[in-house]
>>> print(open('run_15.cif').read())   # mmCIF, C-alpha atoms and all ligand atoms
data_protein
#
loop_
_atom_site.group_PDB
_atom_site.id
_atom_site.type_symbol
_atom_site.label_atom_id
_atom_site.label_comp_id
_atom_site.auth_asym_id
_atom_site.auth_seq_id
_atom_site.Cartn_x
_atom_site.Cartn_y
_atom_site.Cartn_z
ATOM 1 C CA MET A 566 -15.328 5.062 9.585
ATOM 2 C CA THR A 567 -15.751 8.299 11.441
ATOM 3 C CA ASN A 568 -16.108 11.853 10.228
ATOM 4 C CA ASP A 569 -15.130 13.206 13.614
ATOM 5 C CA PRO A 570 -11.954 15.264 13.102
ATOM 6 C CA THR A 571 -10.993 14.929 16.784
ATOM 7 C CA MET A 572 -10.325 11.224 16.130
ATOM 8 C CA THR A 573 -7.073 12.060 14.389
ATOM 9 C CA ASP A 574 -5.734 13.784 17.472
ATOM 10 C CA ALA A 575 -7.294 11.717 20.224
ATOM 11 C CA ALA A 576 -6.801 8.243 18.820
ATOM 12 C CA LEU A 577 -3.587 8.589 16.873
ATOM 13 C CA THR A 578 -1.382 10.547 19.239
ATOM 14 C CA GLY A 579 2.163 9.337 19.001
ATOM 15 C CA GLN A 580 1.725 7.616 15.658
ATOM 16 C CA GLN A 581 4.643 8.068 13.343
ATOM 17 C CA VAL A 582 4.079 10.369 10.410
ATOM 18 C CA GLY A 583 5.016 9.024 7.037
ATOM 19 C CA LEU A 584 3.249 5.790 6.172
ATOM 20 C CA SER A 585 -0.385 6.659 5.577
ATOM 21 C CA PRO A 586 -2.451 9.717 4.662
ATOM 22 C CA PHE A 587 -4.315 9.081 7.916
ATOM 23 C CA ASP A 588 -1.169 9.632 10.002
ATOM 24 C CA ASN A 589 -1.250 12.378 12.533
ATOM 25 C CA GLY A 590 0.355 15.453 11.058
ATOM 26 C CA TYR A 591 -0.809 15.118 7.464
ATOM 27 C CA GLY A 592 -4.196 16.513 8.398
ATOM 28 C CA PHE A 593 -6.317 14.260 6.214
ATOM 29 C CA VAL A 594 -9.811 13.573 7.549
ATOM 30 C CA PRO A 595 -11.811 11.026 5.527
ATOM 31 C CA ALA A 596 -15.460 11.635 4.796
ATOM 32 C CA VAL A 597 -18.197 10.336 2.497
ATOM 33 C CA GLY A 598 -21.099 12.026 0.744
ATOM 34 C CA THR A 599 -21.310 14.380 -2.211
ATOM 35 C CA PRO A 600 -20.820 17.998 -1.149
ATOM 36 C CA ASP A 601 -20.638 20.694 -3.799
ATOM 37 C CA PRO A 602 -17.004 20.725 -4.982
ATOM 38 C CA ASP A 603 -15.094 23.780 -3.766
ATOM 39 C CA PRO A 604 -13.253 25.722 -6.480
ATOM 40 C CA ASP A 605 -9.939 25.168 -4.654
ATOM 41 C CA ALA A 606 -10.501 21.427 -3.999
ATOM 42 C CA LEU A 607 -7.605 19.011 -4.441
ATOM 43 C CA TRP A 608 -8.301 16.639 -7.364
ATOM 44 C CA LEU A 609 -6.554 13.283 -7.746
ATOM 45 C CA VAL A 610 -7.302 12.153 -11.289
ATOM 46 C CA PHE A 611 -6.393 8.704 -12.606
ATOM 47 C CA GLN A 612 -6.122 6.849 -15.839
ATOM 48 C CA GLY A 613 -5.701 3.231 -14.762
ATOM 49 C CA ASP A 614 -2.944 3.333 -12.123
ATOM 50 C CA ARG A 615 -1.492 6.581 -13.440
ATOM 51 C CA LEU A 616 -2.026 9.879 -11.644
ATOM 52 C CA LEU A 617 -2.410 13.204 -13.450
ATOM 53 C CA THR A 618 0.417 15.506 -12.362
ATOM 54 C CA VAL A 619 1.909 18.845 -13.261
ATOM 55 C CA GLY A 620 5.456 19.428 -12.054
ATOM 56 C CA GLU A 621 5.708 18.223 -8.435
ATOM 57 C CA THR A 622 2.005 18.445 -7.674
ATOM 58 C CA VAL A 623 -1.442 17.769 -9.140
ATOM 59 C CA PRO A 624 -3.304 20.252 -11.385
ATOM 60 C CA PRO A 625 -6.699 21.828 -10.607
ATOM 61 C CA ARG A 626 -9.825 19.926 -11.679
ATOM 62 C CA PRO A 627 -9.608 19.216 -15.422
ATOM 63 C CA ALA A 628 -12.354 21.006 -17.377
ATOM 64 C CA GLU A 629 -13.560 17.873 -19.173
ATOM 65 C CA GLY A 630 -13.256 14.099 -19.450
ATOM 66 C CA LEU A 631 -13.858 13.256 -15.758
ATOM 67 C CA THR A 632 -15.928 10.303 -14.648
ATOM 68 C CA GLY A 633 -16.552 8.431 -11.383
ATOM 69 C CA GLU A 634 -15.946 11.472 -9.174
ATOM 70 C CA VAL A 635 -15.763 10.520 -5.494
ATOM 71 C CA TYR A 636 -15.387 12.745 -2.451
ATOM 72 C CA LEU A 637 -12.670 11.504 -0.075
ATOM 73 C CA GLY A 638 -12.668 14.061 2.752
ATOM 74 C CA THR A 639 -10.502 17.042 3.637
ATOM 75 C CA GLN A 640 -6.767 17.693 3.763
ATOM 76 C CA GLN A 641 -6.101 20.452 6.297
ATOM 77 C CA GLY A 642 -9.590 21.779 5.612
ATOM 78 C CA ARG A 643 -9.349 21.551 1.823
ATOM 79 C CA GLN A 644 -11.733 19.213 0.000
ATOM 80 C CA VAL A 645 -10.135 16.134 -1.586
ATOM 81 C CA TRP A 646 -11.757 14.492 -4.603
ATOM 82 C CA ALA A 647 -10.722 11.618 -6.831
ATOM 83 C CA ALA A 648 -11.872 10.726 -10.328
ATOM 84 C CA ARG A 649 -10.989 8.861 -13.485
ATOM 85 C CA MET A 650 -10.314 10.572 -16.768
ATOM 86 C CA THR A 651 -10.675 9.508 -20.354
ATOM 87 C CA GLY A 652 -8.670 11.030 -23.165
ATOM 88 C CA ASP A 653 -5.246 12.634 -23.224
ATOM 89 C CA ALA A 654 -3.677 14.643 -20.438
ATOM 90 C CA PRO A 655 -4.116 18.408 -20.889
ATOM 91 C CA ALA A 656 -1.137 20.359 -22.223
ATOM 92 C CA ASP A 657 1.862 20.504 -19.830
ATOM 93 C CA GLN A 658 0.311 17.773 -17.659
ATOM 94 C CA ARG A 659 0.984 14.050 -17.667
ATOM 95 C CA PHE A 660 -0.234 10.726 -16.354
ATOM 96 C CA SER A 661 2.482 8.898 -14.398
ATOM 97 C CA ARG A 662 2.422 5.577 -12.602
ATOM 98 C CA LEU A 663 1.872 6.276 -8.928
ATOM 99 C CA ARG A 664 4.583 3.873 -7.851
ATOM 100 C CA GLY A 665 7.203 5.789 -9.816
ATOM 101 C CA LEU A 666 6.128 9.117 -8.319
ATOM 102 C CA TYR A 667 7.536 8.344 -4.855
ATOM 103 C CA GLY A 668 10.094 11.036 -4.019
ATOM 104 C CA LYS A 669 8.831 13.221 -6.871
ATOM 105 C CA LEU A 670 5.622 14.285 -5.112
ATOM 106 C CA PRO A 671 5.500 15.411 -1.458
ATOM 107 C CA ASP A 672 5.031 12.327 0.774
ATOM 108 C CA TRP A 673 1.567 13.384 1.952
ATOM 109 C CA LEU A 674 0.386 13.775 -1.649
ATOM 110 C CA TRP A 675 1.880 10.451 -2.735
ATOM 111 C CA MET A 676 0.154 8.644 0.110
ATOM 112 C CA LEU A 677 -3.126 10.430 -0.475
ATOM 113 C CA GLY A 678 -2.775 9.405 -4.130
ATOM 114 C CA GLY A 679 -2.440 5.763 -3.061
ATOM 115 C CA TYR A 680 -5.572 5.992 -0.959
ATOM 116 C CA ALA A 681 -7.470 7.769 -3.754
ATOM 117 C CA TYR A 682 -6.388 5.142 -6.265
ATOM 118 C CA GLN A 683 -7.712 2.302 -4.116
ATOM 119 C CA ILE A 684 -11.092 3.989 -3.646
ATOM 120 C CA VAL A 685 -11.444 4.949 -7.321
ATOM 121 C CA GLU A 686 -10.540 1.421 -8.466
ATOM 122 C CA TRP A 687 -12.884 -0.199 -5.978
ATOM 123 C CA ASP A 688 -15.706 2.135 -6.999
ATOM 124 C CA ARG A 689 -15.070 1.478 -10.698
ATOM 125 C CA THR A 690 -15.100 -2.308 -10.360
ATOM 126 C CA HIS A 691 -18.220 -2.611 -8.154
ATOM 127 C CA HIS A 692 -20.908 -0.955 -10.252
ATOM 128 C CA TYR A 693 -22.960 -4.171 -10.347
ATOM 129 C CA CYS A 694 -24.077 -6.436 -7.549
ATOM 130 C CA GLY A 695 -22.018 -9.644 -7.421
ATOM 131 C CA ASN A 696 -25.105 -11.495 -6.224
ATOM 132 C CA CYS A 697 -27.933 -10.340 -8.558
ATOM 133 C CA ALA A 698 -26.174 -8.087 -11.126
ATOM 134 C CA THR A 699 -28.371 -5.065 -10.298
ATOM 135 C CA PRO A 700 -26.519 -1.713 -10.574
ATOM 136 C CA THR A 701 -25.236 -0.752 -7.105
ATOM 137 C CA GLU A 702 -25.491 2.669 -5.447
ATOM 138 C CA ARG A 703 -23.091 4.551 -3.212
ATOM 139 C CA ASP A 704 -24.048 4.500 0.441
ATOM 140 C CA PRO A 705 -24.412 8.130 1.584
ATOM 141 C CA ASN A 706 -23.242 7.350 5.127
ATOM 142 C CA GLU A 707 -20.200 5.101 4.795
ATOM 143 C CA ARG A 708 -17.617 4.007 2.231
ATOM 144 C CA ALA A 709 -19.736 1.242 0.714
ATOM 145 C CA ARG A 710 -21.806 0.397 -2.360
ATOM 146 C CA ARG A 711 -25.188 -1.172 -1.806
ATOM 147 C CA CYS A 712 -27.508 -3.214 -4.013
ATOM 148 C CA PRO A 713 -31.042 -1.697 -4.023
ATOM 149 C CA ASN A 714 -32.509 -5.052 -5.035
ATOM 150 C CA CYS A 715 -30.998 -7.642 -2.665
ATOM 151 C CA GLY A 716 -29.291 -5.426 -0.081
ATOM 152 C CA LEU A 717 -25.740 -6.757 -0.590
ATOM 153 C CA SER A 718 -23.097 -4.272 0.614
ATOM 154 C CA VAL A 719 -19.568 -4.128 -0.745
ATOM 155 C CA TYR A 720 -16.708 -2.339 0.976
ATOM 156 C CA PRO A 721 -13.273 -1.345 -0.321
ATOM 157 C CA ARG A 722 -11.134 -4.426 -0.644
ATOM 158 C CA LEU A 723 -7.972 -4.928 1.386
ATOM 159 C CA ALA A 724 -5.535 -7.828 1.012
ATOM 160 C CA PRO A 725 -3.279 -8.325 4.066
ATOM 161 C CA ALA A 726 0.226 -9.500 3.234
ATOM 162 C CA VAL A 727 2.942 -10.539 5.640
ATOM 163 C CA MET A 728 6.638 -9.765 5.265
ATOM 164 C CA VAL A 729 9.358 -11.441 7.326
ATOM 165 C CA LEU A 730 13.021 -10.527 7.586
ATOM 166 C CA LEU A 731 14.827 -13.628 8.816
ATOM 167 C CA THR A 732 18.038 -13.209 10.844
ATOM 168 C CA ARG A 733 20.742 -15.600 12.050
ATOM 169 C CA VAL A 734 24.334 -15.747 13.250
ATOM 170 C CA GLY A 735 26.473 -16.851 10.278
ATOM 171 C CA PRO A 736 29.209 -19.534 10.134
ATOM 172 C CA GLN A 737 31.929 -17.049 11.243
ATOM 173 C CA GLY A 738 29.779 -15.629 14.021
ATOM 174 C CA GLN A 739 28.726 -12.669 11.890
ATOM 175 C CA PRO A 740 25.098 -11.426 11.845
ATOM 176 C CA GLN A 741 23.224 -12.239 8.647
ATOM 177 C CA VAL A 742 19.824 -11.614 7.055
ATOM 178 C CA LEU A 743 17.974 -13.754 4.526
ATOM 179 C CA LEU A 744 17.049 -11.841 1.382
ATOM 180 C CA CYS A 745 15.109 -13.205 -1.573
ATOM 181 C CA ARG A 746 14.670 -12.360 -5.224
ATOM 182 C CA SER A 747 11.288 -12.552 -6.913
ATOM 183 C CA PRO A 748 11.442 -13.052 -10.696
ATOM 184 C CA LEU A 749 9.440 -9.801 -10.877
ATOM 185 C CA PHE A 750 12.158 -7.703 -9.156
ATOM 186 C CA PRO A 751 14.511 -5.447 -11.116
ATOM 187 C CA PRO A 752 17.880 -7.154 -11.819
ATOM 188 C CA GLY A 753 20.133 -7.358 -8.744
ATOM 189 C CA MET A 754 17.474 -6.392 -6.180
ATOM 190 C CA TYR A 755 16.702 -8.528 -3.115
ATOM 191 C CA SER A 756 14.175 -8.062 -0.325
ATOM 192 C CA ALA A 757 12.610 -9.675 2.726
ATOM 193 C CA ASN A 758 10.265 -12.572 2.033
ATOM 194 C CA ALA A 759 6.559 -11.709 1.667
ATOM 195 C CA GLY A 760 3.232 -13.268 0.748
ATOM 196 C CA PHE A 761 -0.515 -12.895 1.136
ATOM 197 C CA VAL A 762 -2.459 -14.033 4.169
ATOM 198 C CA GLU A 763 -4.935 -16.771 3.161
ATOM 199 C CA PRO A 764 -8.567 -16.918 4.338
ATOM 200 C CA GLY A 765 -8.748 -18.641 7.726
ATOM 201 C CA GLU A 766 -5.125 -17.898 8.660
ATOM 202 C CA THR A 767 -3.666 -15.704 11.350
ATOM 203 C CA VAL A 768 -0.952 -13.316 10.191
ATOM 204 C CA GLU A 769 1.508 -15.307 12.298
ATOM 205 C CA HIS A 770 0.550 -18.588 10.656
ATOM 206 C CA ALA A 771 0.961 -16.992 7.250
ATOM 207 C CA ALA A 772 4.447 -15.797 8.252
ATOM 208 C CA HIS A 773 5.567 -19.334 9.104
ATOM 209 C CA ARG A 774 3.849 -20.893 6.089
ATOM 210 C CA GLU A 775 5.107 -18.383 3.526
ATOM 211 C CA MET A 776 8.703 -18.678 4.699
ATOM 212 C CA TYR A 777 8.578 -22.458 4.650
ATOM 213 C CA GLU A 778 6.839 -22.657 1.248
ATOM 214 C CA GLU A 779 9.058 -20.133 -0.470
ATOM 215 C CA THR A 780 12.455 -20.867 1.107
ATOM 216 C CA GLY A 781 12.185 -24.211 2.968
ATOM 217 C CA LEU A 782 13.242 -22.524 6.233
ATOM 218 C CA SER A 783 11.639 -22.611 9.675
ATOM 219 C CA ILE A 784 11.358 -19.504 11.834
ATOM 220 C CA ARG A 785 11.003 -18.632 15.532
ATOM 221 C CA ASP A 786 10.680 -15.504 17.689
ATOM 222 C CA LEU A 787 8.401 -13.712 15.252
ATOM 223 C CA ARG A 788 8.328 -10.018 16.218
ATOM 224 C CA TYR A 789 6.001 -7.360 14.811
ATOM 225 C CA PHE A 790 7.775 -4.391 13.233
ATOM 226 C CA ASP A 791 5.231 -2.102 11.544
ATOM 227 C CA SER A 792 2.583 -1.931 8.841
ATOM 228 C CA GLN A 793 2.115 0.049 5.656
ATOM 229 C CA PRO A 794 -0.733 0.481 3.182
ATOM 230 C CA TRP A 795 0.515 -0.632 -0.223
ATOM 231 C CA PRO A 796 -1.950 0.495 -2.882
ATOM 232 C CA PHE A 797 -0.653 -1.733 -5.706
ATOM 233 C CA PRO A 798 -3.480 -2.517 -5.963
ATOM 234 C CA HIS A 799 -4.909 -2.937 -2.425
ATOM 235 C CA SER A 800 -2.501 -4.552 0.034
ATOM 236 C CA LEU A 801 -1.818 -3.892 3.673
ATOM 237 C CA MET A 802 1.737 -4.999 4.391
ATOM 238 C CA LEU A 803 2.434 -6.308 7.926
ATOM 239 C CA ALA A 804 6.169 -6.541 8.578
ATOM 240 C CA TYR A 805 7.978 -8.785 11.066
ATOM 241 C CA THR A 806 11.449 -9.943 12.004
ATOM 242 C CA ALA A 807 12.154 -13.546 12.980
ATOM 243 C CA GLU A 808 15.064 -15.821 13.919
ATOM 244 C CA TYR A 809 16.161 -18.717 11.756
ATOM 245 C CA ALA A 810 15.060 -22.008 13.329
ATOM 246 C CA GLY A 811 16.376 -24.609 10.891
ATOM 247 C CA GLY A 812 16.177 -25.990 7.354
ATOM 248 C CA GLU A 813 18.093 -25.730 4.099
ATOM 249 C CA ILE A 814 17.263 -23.092 1.481
ATOM 250 C CA VAL A 815 15.033 -24.480 -1.284
ATOM 251 C CA PRO A 816 13.575 -21.625 -3.366
ATOM 252 C CA GLN A 817 9.996 -22.199 -4.491
ATOM 253 C CA PRO A 818 9.953 -22.411 -8.303
ATOM 254 C CA GLY A 819 8.142 -19.499 -9.939
ATOM 255 C CA GLU A 820 7.977 -17.488 -6.692
ATOM 256 C CA ILE A 821 11.589 -17.149 -5.581
ATOM 257 C CA GLU A 822 14.461 -16.935 -8.030
ATOM 258 C CA GLU A 823 17.078 -16.977 -5.289
ATOM 259 C CA ALA A 824 17.226 -16.799 -1.481
ATOM 260 C CA ARG A 825 20.572 -16.130 0.213
ATOM 261 C CA TRP A 826 22.099 -15.225 3.551
ATOM 262 C CA PHE A 827 23.856 -11.858 3.425
ATOM 263 C CA ASP A 828 26.316 -10.384 5.930
ATOM 264 C CA HIS A 829 25.182 -6.968 7.181
ATOM 265 C CA ASN A 830 28.244 -5.333 5.633
ATOM 266 C CA ASN A 831 27.826 -6.943 2.218
ATOM 267 C CA LEU A 832 24.252 -6.371 1.092
ATOM 268 C CA PRO A 833 22.823 -6.446 -2.429
ATOM 269 C CA GLN A 834 20.622 -3.734 -3.931
ATOM 270 C CA LEU A 835 17.635 -3.176 -1.622
ATOM 271 C CA PRO A 836 14.087 -1.954 -2.373
ATOM 272 C CA GLY A 837 13.491 1.808 -2.539
ATOM 273 C CA ARG A 838 12.519 3.956 0.419
ATOM 274 C CA ALA A 839 8.825 4.016 -0.526
ATOM 275 C CA SER A 840 8.345 0.484 0.769
ATOM 276 C CA ILE A 841 8.288 -0.856 4.293
ATOM 277 C CA SER A 842 10.749 -3.589 3.276
ATOM 278 C CA ARG A 843 13.520 -0.995 3.142
ATOM 279 C CA ARG A 844 12.749 0.255 6.650
ATOM 280 C CA LEU A 845 12.419 -3.285 7.958
ATOM 281 C CA ILE A 846 15.828 -4.276 6.589
ATOM 282 C CA GLU A 847 17.490 -1.062 7.824
ATOM 283 C CA SER A 848 15.980 -1.605 11.276
ATOM 284 C CA VAL A 849 18.164 -4.721 11.502
ATOM 285 C CA VAL A 850 21.295 -3.893 9.479
ATOM 286 C CA GLY A 851 21.413 -0.105 10.003
ATOM 287 C CA PRO A 852 21.037 2.737 7.462
ATOM 288 C CA GLN A 853 22.136 1.910 3.917
ATOM 289 C CA PRO A 854 23.141 4.223 1.051
ATOM 290 C CA ASP A 855 20.812 4.544 -1.946
HETATM 291 ZN ZN ZN B 1 -28.033 -7.567 -5.510
#
>>> encode(input="run_15.cif", output="structure tokens")
Amino acid sequence: MTNDPTMTDAALTGQQVGLSPFDNGYGFVPAVGTPDPDPDALWLVFQGDRLLTVGETVPPRPAEGLTGEVYLGTQQGRQVWAARMTGDAPADQRFSRLRGLYGKLPDWLWMLGGYAYQIVEWDRTHHYCGNCATPTERDPNERARRCPNCGLSVYPRLAPAVMVLLTRVGPQGQPQVLLCRSPLFPPGMYSANAGFVEPGETVEHAAHREMYEETGLSIRDLRYFDSQPWPFPHSLMLAYTAEYAGGEIVPQPGEIEEARWFDHNNLPQLPGRASISRRLIESVVGPQPD
């Protein structure tokens, strides 16, 4: 991790704005350490996975009840801090699940909230060394916690997941996409197939394996689309398209309730615009109404 603000301009030129607080244009520069908090600092305060909000933004630092304060860096020059809070939300303020706040907060704030949540949760759950159970300490120079006894370092956790939108030409020559329903989805909603990358796998291997395990289908011509941090709780979603290469649909029990081919002009309810799955699907079938 670098604290050099020129990195954002030099290294990220041309990157699309909208998927990460680190995107060029949002002006967020990560940093570690414990500076004195500025009076006008931005505070992202959590209770579990719920963010403290007031109207369409976040309130100033609450006067009491904060714990686990962590400095995240600066947003257009303004300090950004995150913390957890015990007790009730102050009057006129509320804790809301971050996921449900998409579209209600400005995009930059929602994405910064996702980043803050991952760091706060990681910090909260790594207070003791996993090797010798000694209390760990924050590293002053990088985003890590270190054991003063045995030297073990722990870094924020990231779980890569791969998503594949499978395409084919249907029986009447019409273009189709394969969409699946997880039992966890809201009623009527379908999405592209996704699963976690296992230790030892390449992302590409995981793409083939997940599709075969969950739907019984083989794929070819895997093409990278884009990636998106998904802080629920600490995924990095890597999205691909692929062509159908054979097999009959056999949904994996417990994982996939239904998998079906859909014509582009007859789609079911799709995921919301906060997720990369929506953009992946629209990149193939064209823009869809909400
Ligand atoms: Zn240790």
>>> residues_around(input="run_15.cif", residues="Glu813 in chain A", least_positions_apart="6", cutoff="9 Å", atoms="only C-alpha atoms", output="list in words")
Thr780, Gly781 and Leu782 of chain A
>>> write_last_selection(input="run_15.cif", atoms="C-alpha atoms", output="mmCIF file, in the coordinates of the input")
data_model
loop_
_atom_site.group_PDB
_atom_site.id
_atom_site.type_symbol
_atom_site.label_atom_id
_atom_site.label_comp_id
_atom_site.auth_asym_id
_atom_site.auth_seq_id
_atom_site.Cartn_x
_atom_site.Cartn_y
_atom_site.Cartn_z
ATOM 1 C CA THR A 780 12.455 -20.867 1.107
ATOM 2 C CA GLY A 781 12.185 -24.211 2.968
ATOM 3 C CA LEU A 782 13.242 -22.524 6.233
#
>>> axis_aligned_box(input="run_15.cif", around="range 656-661 of chain A", padding_each_side="4 Å", output="JSON")
{"center_x": 0.7, "center_y": 14.7, "center_z": -18.3, "size_x": 11.6, "size_y": 19.6, "size_z": 15.8}
>>> resolve_selection(input="run_15.cif", expression="the PyMOL selection byres (((not hetatm)) within 7 of (chain B and resi 1))", output="list in words")
Cys694, Gly695, Asn696, Cys697, Ala698, Thr699, Cys712, Pro713, Asn714, Cys715, Gly716 and Leu717 of chain A
>>> residues_near_point(input="run_15.cif", point="(10.2, -8.2, 0.4)", cutoff="7 Å", atoms="only C-alpha atoms", output="list of chain:residue names")
A:Met728, A:Ser756, A:Ala757, A:Asn758, A:Ala759, A:Ser842
>>> residues_around(input="run_15.cif", residues="Asn831 in chain A", least_positions_apart="2", cutoff="12 Å", atoms="only C-alpha atoms", output="ChimeraX atom specification")
/A:739-742,744,825-829,833-835,850,853
>>> write_last_selection(input="run_15.cif", atoms="C-alpha atoms", output="PDB file, in the frame of the given file")
ATOM      1  CA  GLN A 739      28.726 -12.669  11.890  1.00  0.00           C
ATOM      2  CA  PRO A 740      25.098 -11.426  11.845  1.00  0.00           C
ATOM      3  CA  GLN A 741      23.224 -12.239   8.647  1.00  0.00           C
ATOM      4  CA  VAL A 742      19.824 -11.614   7.055  1.00  0.00           C
ATOM      5  CA  LEU A 744      17.049 -11.841   1.382  1.00  0.00           C
ATOM      6  CA  ARG A 825      20.572 -16.130   0.213  1.00  0.00           C
ATOM      7  CA  TRP A 826      22.099 -15.225   3.551  1.00  0.00           C
ATOM      8  CA  PHE A 827      23.856 -11.858   3.425  1.00  0.00           C
ATOM      9  CA  ASP A 828      26.316 -10.384   5.930  1.00  0.00           C
ATOM     10  CA  HIS A 829      25.182  -6.968   7.181  1.00  0.00           C
ATOM     11  CA  PRO A 833      22.823  -6.446  -2.429  1.00  0.00           C
ATOM     12  CA  GLN A 834      20.622  -3.734  -3.931  1.00  0.00           C
ATOM     13  CA  LEU A 835      17.635  -3.176  -1.622  1.00  0.00           C
ATOM     14  CA  VAL A 850      21.295  -3.893   9.479  1.00  0.00           C
ATOM     15  CA  GLN A 853      22.136   1.910   3.917  1.00  0.00           C
TER      16      GLN A 853
END
>>> resolve_selection(input="run_15.cif", expression="the PyMOL selection byres (((chain A and resi 799-807) around 8) and not hetatm)", output="ChimeraX atom specification")
/A:683,722-732,784-798,808-809,841-842,845
>>> resolve_selection(input="run_15.cif", expression="the PyMOL selection byres (((chain A and resi 628-635) around 9) and not hetatm)", output="number ranges by chain")
A: 597-599, 610, 625-627, 636-637, 645-653, 681, 684-685, 688-689
>>> atom_distance(input="run_15.cif", atom1="CA of Leu616 in chain A", atom2="CA of Glu702 in chain A")
25.3 Å
>>> atom_distance(input="run_15.cif", atom1="CA of Asp657 in chain A", atom2="CA of Val619 in chain A")
6.8 Å
>>> atom_distance(input="run_15.cif", atom1="CA of Arg711 in chain A", atom2="CA of Asp601 in chain A")
22.4 Å
>>> closest_residue(input="run_15.cif", among="A:Ala839, A:Leu663, A:Ile814, A:Ala654", to="Leu584 in chain A", atoms="all atoms listed in the file")
A:Ala839
